[in-house]
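Engineer: Provided herewith is a single structure, encoded as structure tokens, for subsequent inquiry.
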Amino acid sequence: MSLKTSNLAFKKRVDNQIHNEMMRKAVVKAQETIGANRQKMVDELGHWEEWRDLAKQIRNHVLANLDAYLYQLSEKVQQNGGKVYFAETAEEATQYIRQVALEKNAKTIVKSKSMVTEEIGLNEVLEKEGMKVVETDLGEYLLQIVGDKPSHIVVPAIHKDRHKIRQELHDALGYEGTEQPEEMNTFVRKTLRKDFLEADIGISGCNFAVAETGSVCLVTNEGNLRLATTVPKTHIAVMGMERLAPTFQEVDVLITMLARSAVGAKLTAYNTWLTGPRLEGETDGPEDFHLVIVDNGRSSILEREFKEVLRCIRCGACLNTCPAYRQIGGHGYGSIYPGPIGSVISPLLGGYEEFKELPYACSLCTACNSVCPVKIPLAQLISKHREHIAQAGMTPMLERLSIFGFTLANSNPTLWKAGVKIGAKVAAKVIKNGKAPIEVGALAEWTKARDLPTPDGESFRQWFQNRGKN
């Protein structure tokens with residue numbers, strides 16, 4: 001599985017990103033622009049909280065009846081002439097797709113943007129077989145040509161500006177044009193057109209699958225997806241098992257919320273509906289259609305107190321409002337899924353050993369809760385992760401000793417009174433110019449950017465008593 005995007009330690013990643021001025025400026029600009037556009041769309045739609053409630057109800061209904069809807073979806077897809085494969089693990093999903101590609105003797109594969117294929121590490125598996133795998137989403141393509149990873153769920157190259165992109169296009173592909181986005185975009189379109197026409201297989205994600213009809217709904221702002229799913233003879237759609245809706249009526253609500261929350265638009269430029277391979281007499285579409293439904297730990301999440309995270313429709317609104325993401329960007333998280341949603345879902349899919357730091361990359365300000373279109377209580381779920389991590393003894397030793405000492409003193413009034421009285425006097429002696437003589441752990445991190453208050457040797461209780469006397 002390929003959830004990890006970096007082998008650097010968490011603090012090293014964060015330090016690198018905090019000093020990445022280009023990334024921070026780009027993220028601030030994106031957050032402010034998308035946030036303003038989102039608010040306009042929310043106000044224009046009206047009754048926003050009622051829409052959120054409805055979207056939450058739809059997603060909860062799907063999760064409560066997931067087995068029935070998955071069965072209905074698979075039956076419909078097969079009736080439409082497609083093939084369905086249920087993959088319990090990332091390895092099962094990639095091996096099935098690999099086998100299909102080998103049977104087709106595929107040389108070139110074009111992909112549209114898909115978070116779940118990033119999650120399962122699909123590209124690496126296919127490339128090991130000597131196949132050329134081309135990301136055709138503009139942002140994903142710009143990252144692929146330089147070996148970079150996405151840093152946002154919706155805007156994968158959010159961490160780069162046009163000056164950086166122009167330089168990388170020049171270095172990787174010999175681009176000699178200007179930094180104008182339109183000119184660079186035209187260059188990439190011409191470069192990719194040959195891959196579309198030569199591709200043996202097209203691979204896409206799936207925003208929502210419609211159980212009633214066996215259709216796949218794909219939401220994009222570029223025309224690449226329609227080329228990737230209709231020009232090649234074989235189309236493989238990969239979806240997380242929770243990403244479905246009963247009928248088109250529910251998808252209408254979810255798309256309404258998705259577009260407004262993700263990019264601040266009424267609708268994305270392209271809303272594509274695909275229902276199986278092309279029929280006899282039709283000229284467009286693939287001859288062969290495969291739907292790969294990925295579990296990869298989602299079933300176990302359904303059984304836990306974190307199941308509400310499966311309501312997520314991958315809009316990225318939580319990233320667009322998060323103050324922590326604003327400072328460290330997506331790469332600071334070291335996971336395909338960054339931001340508040342990543343802080344919840346990455347430890348669930350990848351385990352605490354790999355991602356135990358992510359729940360602490362959060363101030364618990366609850367801004368993410370207020371913008372989530374399906375009302376996931378992200379801050380509360382992050383807090384639950386911290387609780388589990390602490391109970392498992394996975395927090396730093398110094399932190400555990402500090403909490404033990406605090407608990408011991410706090411449960412003994414006499415010890416507490418003596419401790420704060422002595423501590424106030426000691427602090428007045430040793431803290432000079434906002435710094436302590438010995439700074440370790442959280443204190444050392446805190447004082448990198450702040451000064452400690454100057455103590456006067458008096459505890460709060462002493463101050464309060466003296467105030468009462470006066």
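Going by the structure tokens order, chains are called A, B, ..., each with residues numbered from 1, while ligands are numbered from 1 in the order shown.
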Show which residues sit within 6 Å of stretch 134-141 of chain A, as a PyMOL selection string. Count only C-alpha atoms, and ignore same-chain residues fewer than 4 positions away.
Structural biologist: chain A and resi 110-113+156-157
Engineer: Extract the full set of helix (DSSP H, G or I) residues from stretch 91-270 of chain A according to DSSP on the backbone, and format it as a PyMOL selection string.
Structural biologist: chain A and resi 91-103+115-120+122-127+138-144+162-173+181-198+224-230+248-263
Engineer: Which residues, written as a ChimeraX atom specification, have at least one atom at most 10 Å from stretch 280-294 of chain A, with only C-alpha atoms counted and residues fewer than 4 positions away on the same chain left out?
Structural biologist: /A:70,74,77-78,80-90,92-94,96-97,100,116-117,120,201-206,209,214,216,226-243,274-276,298
Engineer: Just checking: using only C-alpha atoms, which residue out of A:Phe355, A:Ile18, A:Leu45, A:Ile109 ends up closest to A:Ile336?
Structural biologist: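 That would be A:Phe355, the residue with the smallest distance to A:Ile336.
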Engineer: Write down as a list in words the residues belonging to stretch 213-355 of chain A that are assigned strand (DSSP E) by DSSP computed on the backbone.
Structural biologist: Ser215, Val216, Cys217, Leu218, Val219, Thr220, Thr234, His235, Ile236, Ala237, Val238, Met239, Gly240, Leu244, Ala245, Tyr270, Asn271, Thr272, Trp273, Leu274, Asp288, Phe289, His290, Leu291, Val292, Ile293 and Val294 of chain A
Engineer: Could you dump the residues just selected with C-alpha atoms as a CSV table (one decimal), in the first residue's frame?
Structural biologist:
chain,number,residue,atom,x,y,z
A,215,SER,CA,-23.5,3.9,-13.4
A,216,VAL,CA,-20.2,5.5,-12.5
A,217,CYS,CA,-20.2,9.3,-11.8
A,218,LEU,CA,-17.0,11.2,-12.4
A,219,VAL,CA,-16.6,14.9,-11.5
A,220,THR,CA,-13.8,16.8,-13.2
A,234,THR,CA,-10.6,-1.0,-21.9
A,235,HIS,CA,-11.8,1.2,-19.0
A,236,ILE,CA,-11.1,0.2,-15.4
A,237,ALA,CA,-12.8,2.3,-12.7
A,238,VAL,CA,-11.5,2.0,-9.2
A,239,MET,CA,-13.7,3.0,-6.2
A,240,GLY,CA,-13.6,2.9,-2.5
A,244,LEU,CA,-22.0,5.1,-3.8
A,245,ALA,CA,-25.5,6.3,-3.7
A,270,TYR,CA,-17.5,18.1,-16.5
A,271,ASN,CA,-20.0,15.7,-14.9
A,272,THR,CA,-19.6,12.4,-16.6
A,273,TRP,CA,-21.8,9.4,-16.3
A,274,LEU,CA,-20.7,6.0,-17.6
A,288,ASP,CA,-14.5,-3.7,-22.0
A,289,PHE,CA,-15.4,-2.3,-18.6
A,290,HIS,CA,-14.1,-3.3,-15.2
A,291,LEU,CA,-15.2,-1.9,-11.8
A,292,VAL,CA,-12.8,-2.6,-9.0
A,293,ILE,CA,-14.4,-2.0,-5.5
A,294,VAL,CA,-11.7,-1.6,-2.9
Engineer: Which one is closest to A:Ala390: A:Val440, A:Thr213, A:Cys365, A:Lys356? Count only C-alpha atoms.
Structural biologist: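 Of A:Val440, A:Thr213, A:Cys365, A:Lys356, the one nearest A:Ala390, counting only C-alpha atoms, is A:Lys356.
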Engineer: Excluding same-chain residues fewer than 6 positions from A:Lys164, what lies within 12 Å of it counting only C-alpha atoms, as a list of chain:residue names?
Structural biologist: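 What passes the distance filter is A:Met22, A:Met23, A:Ala26, A:Leu142, A:Leu143, A:Val146, A:Ala157, A:Ile158, A:His170, A:Asp171, A:Thr178, A:Glu179, A:Gln180, A:Pro181, A:Met184.
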Engineer: Rounded to one decimal in Å, what is the spacing between atom CA of A:Thr247 and atom CA of A:Asn369?
Structural biologist: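 Going from atom CA of A:Thr247 over to atom CA of A:Asn369, I get 27.0 Å.
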Engineer: Excluding A:Cys362 and its own-chain neighbours fewer than 5 positions away, which residues fall within 10 Å of it when counting only C-alpha atoms? Please give them as a list in words.
Structural biologist: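 Neighbouring residues, sequence-local ones excluded: Cys322, Pro323, Ala324, Tyr325, Gly339, Pro340, Ser343, Glu357, Ala379, Ile382 and Ser383 of chain A.
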Engineer: Keeping all heavy atoms, export the residues of the selection given above as a PDB file, in the first residue's frame.
Structural biologist:
ATOM      1  N   CYS A 322      -8.176  24.738   7.099  1.00  0.00           N
ATOM      2  CA  CYS A 322      -7.360  24.285   8.237  1.00  0.00           C
ATOM      3  C   CYS A 322      -6.133  25.181   8.452  1.00  0.00           C
ATOM      4  O   CYS A 322      -5.311  25.346   7.540  1.00  0.00           O
ATOM      5  CB  CYS A 322      -6.907  22.843   8.003  1.00  0.00           C
ATOM      6  SG  CYS A 322      -5.817  22.208   9.293  1.00  0.00           S
ATOM      7  N   PRO A 323      -5.957  25.745   9.654  1.00  0.00           N
ATOM      8  CA  PRO A 323      -4.767  26.576   9.915  1.00  0.00           C
ATOM      9  C   PRO A 323      -3.470  25.781   9.946  1.00  0.00           C
ATOM     10  O   PRO A 323      -2.408  26.315   9.598  1.00  0.00           O
ATOM     11  CB  PRO A 323      -5.068  27.200  11.284  1.00  0.00           C
ATOM     12  CG  PRO A 323      -6.063  26.293  11.915  1.00  0.00           C
ATOM     13  CD  PRO A 323      -6.881  25.725  10.802  1.00  0.00           C
ATOM     14  N   ALA A 324      -3.519  24.515  10.339  1.00  0.00           N
ATOM     15  CA  ALA A 324      -2.308  23.686  10.337  1.00  0.00           C
ATOM     16  C   ALA A 324      -1.875  23.381   8.905  1.00  0.00           C
ATOM     17  O   ALA A 324      -0.691  23.507   8.559  1.00  0.00           O
ATOM     18  CB  ALA A 324      -2.548  22.391  11.113  1.00  0.00           C
ATOM     19  N   TYR A 325      -2.830  22.993   8.059  1.00  0.00           N
ATOM     20  CA  TYR A 325      -2.513  22.743   6.641  1.00  0.00           C
ATOM     21  C   TYR A 325      -1.964  24.003   5.985  1.00  0.00           C
ATOM     22  O   TYR A 325      -1.081  23.943   5.134  1.00  0.00           O
ATOM     23  CB  TYR A 325      -3.767  22.258   5.909  1.00  0.00           C
ATOM     24  CG  TYR A 325      -3.535  21.959   4.442  1.00  0.00           C
ATOM     25  CD1 TYR A 325      -3.091  20.709   4.038  1.00  0.00           C
ATOM     26  CD2 TYR A 325      -3.730  22.934   3.467  1.00  0.00           C
ATOM     27  CE1 TYR A 325      -2.856  20.427   2.692  1.00  0.00           C
ATOM     28  CE2 TYR A 325      -3.495  22.672   2.130  1.00  0.00           C
ATOM     29  CZ  TYR A 325      -3.058  21.418   1.752  1.00  0.00           C
ATOM     30  OH  TYR A 325      -2.812  21.163   0.431  1.00  0.00           O
ATOM     31  N   GLY A 339      -4.189  16.976   5.699  1.00  0.00           N
ATOM     32  CA  GLY A 339      -5.190  17.816   6.324  1.00  0.00           C
ATOM     33  C   GLY A 339      -5.987  17.094   7.386  1.00  0.00           C
ATOM     34  O   GLY A 339      -5.661  15.980   7.799  1.00  0.00           O
ATOM     35  N   PRO A 340      -7.080  17.703   7.848  1.00  0.00           N
ATOM     36  CA  PRO A 340      -7.911  17.079   8.892  1.00  0.00           C
ATOM     37  C   PRO A 340      -8.434  15.699   8.509  1.00  0.00           C
ATOM     38  O   PRO A 340      -8.396  14.771   9.320  1.00  0.00           O
ATOM     39  CB  PRO A 340      -9.054  18.086   9.065  1.00  0.00           C
ATOM     40  CG  PRO A 340      -8.446  19.395   8.688  1.00  0.00           C
ATOM     41  CD  PRO A 340      -7.517  19.091   7.547  1.00  0.00           C
ATOM     42  N   SER A 343      -5.674  13.315   8.837  1.00  0.00           N
ATOM     43  CA  SER A 343      -5.318  13.048  10.228  1.00  0.00           C
ATOM     44  C   SER A 343      -6.229  11.997  10.850  1.00  0.00           C
ATOM     45  O   SER A 343      -5.857  11.338  11.812  1.00  0.00           O
ATOM     46  CB  SER A 343      -5.384  14.342  11.050  1.00  0.00           C
ATOM     47  OG  SER A 343      -4.384  15.243  10.637  1.00  0.00           O
ATOM     48  N   GLU A 357       1.634  10.548  14.436  1.00  0.00           N
ATOM     49  CA  GLU A 357       1.834  11.981  14.646  1.00  0.00           C
ATOM     50  C   GLU A 357       0.706  12.830  14.052  1.00  0.00           C
ATOM     51  O   GLU A 357       0.491  13.961  14.477  1.00  0.00           O
ATOM     52  CB  GLU A 357       3.159  12.436  14.022  1.00  0.00           C
ATOM     53  CG  GLU A 357       4.391  11.821  14.652  1.00  0.00           C
ATOM     54  CD  GLU A 357       4.852  10.587  13.886  1.00  0.00           C
ATOM     55  OE1 GLU A 357       4.093  10.137  12.986  1.00  0.00           O
ATOM     56  OE2 GLU A 357       5.941  10.100  14.189  1.00  0.00           O
ATOM     57  N   ALA A 379     -12.772  17.076  14.212  1.00  0.00           N
ATOM     58  CA  ALA A 379     -11.997  17.428  15.404  1.00  0.00           C
ATOM     59  C   ALA A 379     -12.194  16.409  16.523  1.00  0.00           C
ATOM     60  O   ALA A 379     -11.239  16.029  17.217  1.00  0.00           O
ATOM     61  CB  ALA A 379     -12.379  18.829  15.879  1.00  0.00           C
ATOM     62  N   ILE A 382     -10.308  13.227  15.604  1.00  0.00           N
ATOM     63  CA  ILE A 382      -8.878  13.428  15.833  1.00  0.00           C
ATOM     64  C   ILE A 382      -8.561  13.277  17.320  1.00  0.00           C
ATOM     65  O   ILE A 382      -7.569  12.659  17.708  1.00  0.00           O
ATOM     66  CB  ILE A 382      -8.443  14.813  15.304  1.00  0.00           C
ATOM     67  CG1 ILE A 382      -8.459  14.812  13.769  1.00  0.00           C
ATOM     68  CG2 ILE A 382      -7.059  15.193  15.829  1.00  0.00           C
ATOM     69  CD1 ILE A 382      -8.272  16.182  13.146  1.00  0.00           C
ATOM     70  N   SER A 383      -9.422  13.840  18.145  1.00  0.00           N
ATOM     71  CA  SER A 383      -9.236  13.731  19.600  1.00  0.00           C
ATOM     72  C   SER A 383      -9.319  12.274  20.059  1.00  0.00           C
ATOM     73  O   SER A 383      -8.573  11.840  20.945  1.00  0.00           O
ATOM     74  CB  SER A 383     -10.292  14.581  20.321  1.00  0.00           C
ATOM     75  OG  SER A 383     -10.071  14.594  21.709  1.00  0.00           O
TER      76      SER A 383
END
Engineer: Using only C-alpha atoms, find the one residue out of A:Gly330, A:Thr366, A:His385, A:Tyr360 that sits nearest to A:Arg13.
Structural biologist: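 The closest residue to A:Arg13 is A:Gly330.
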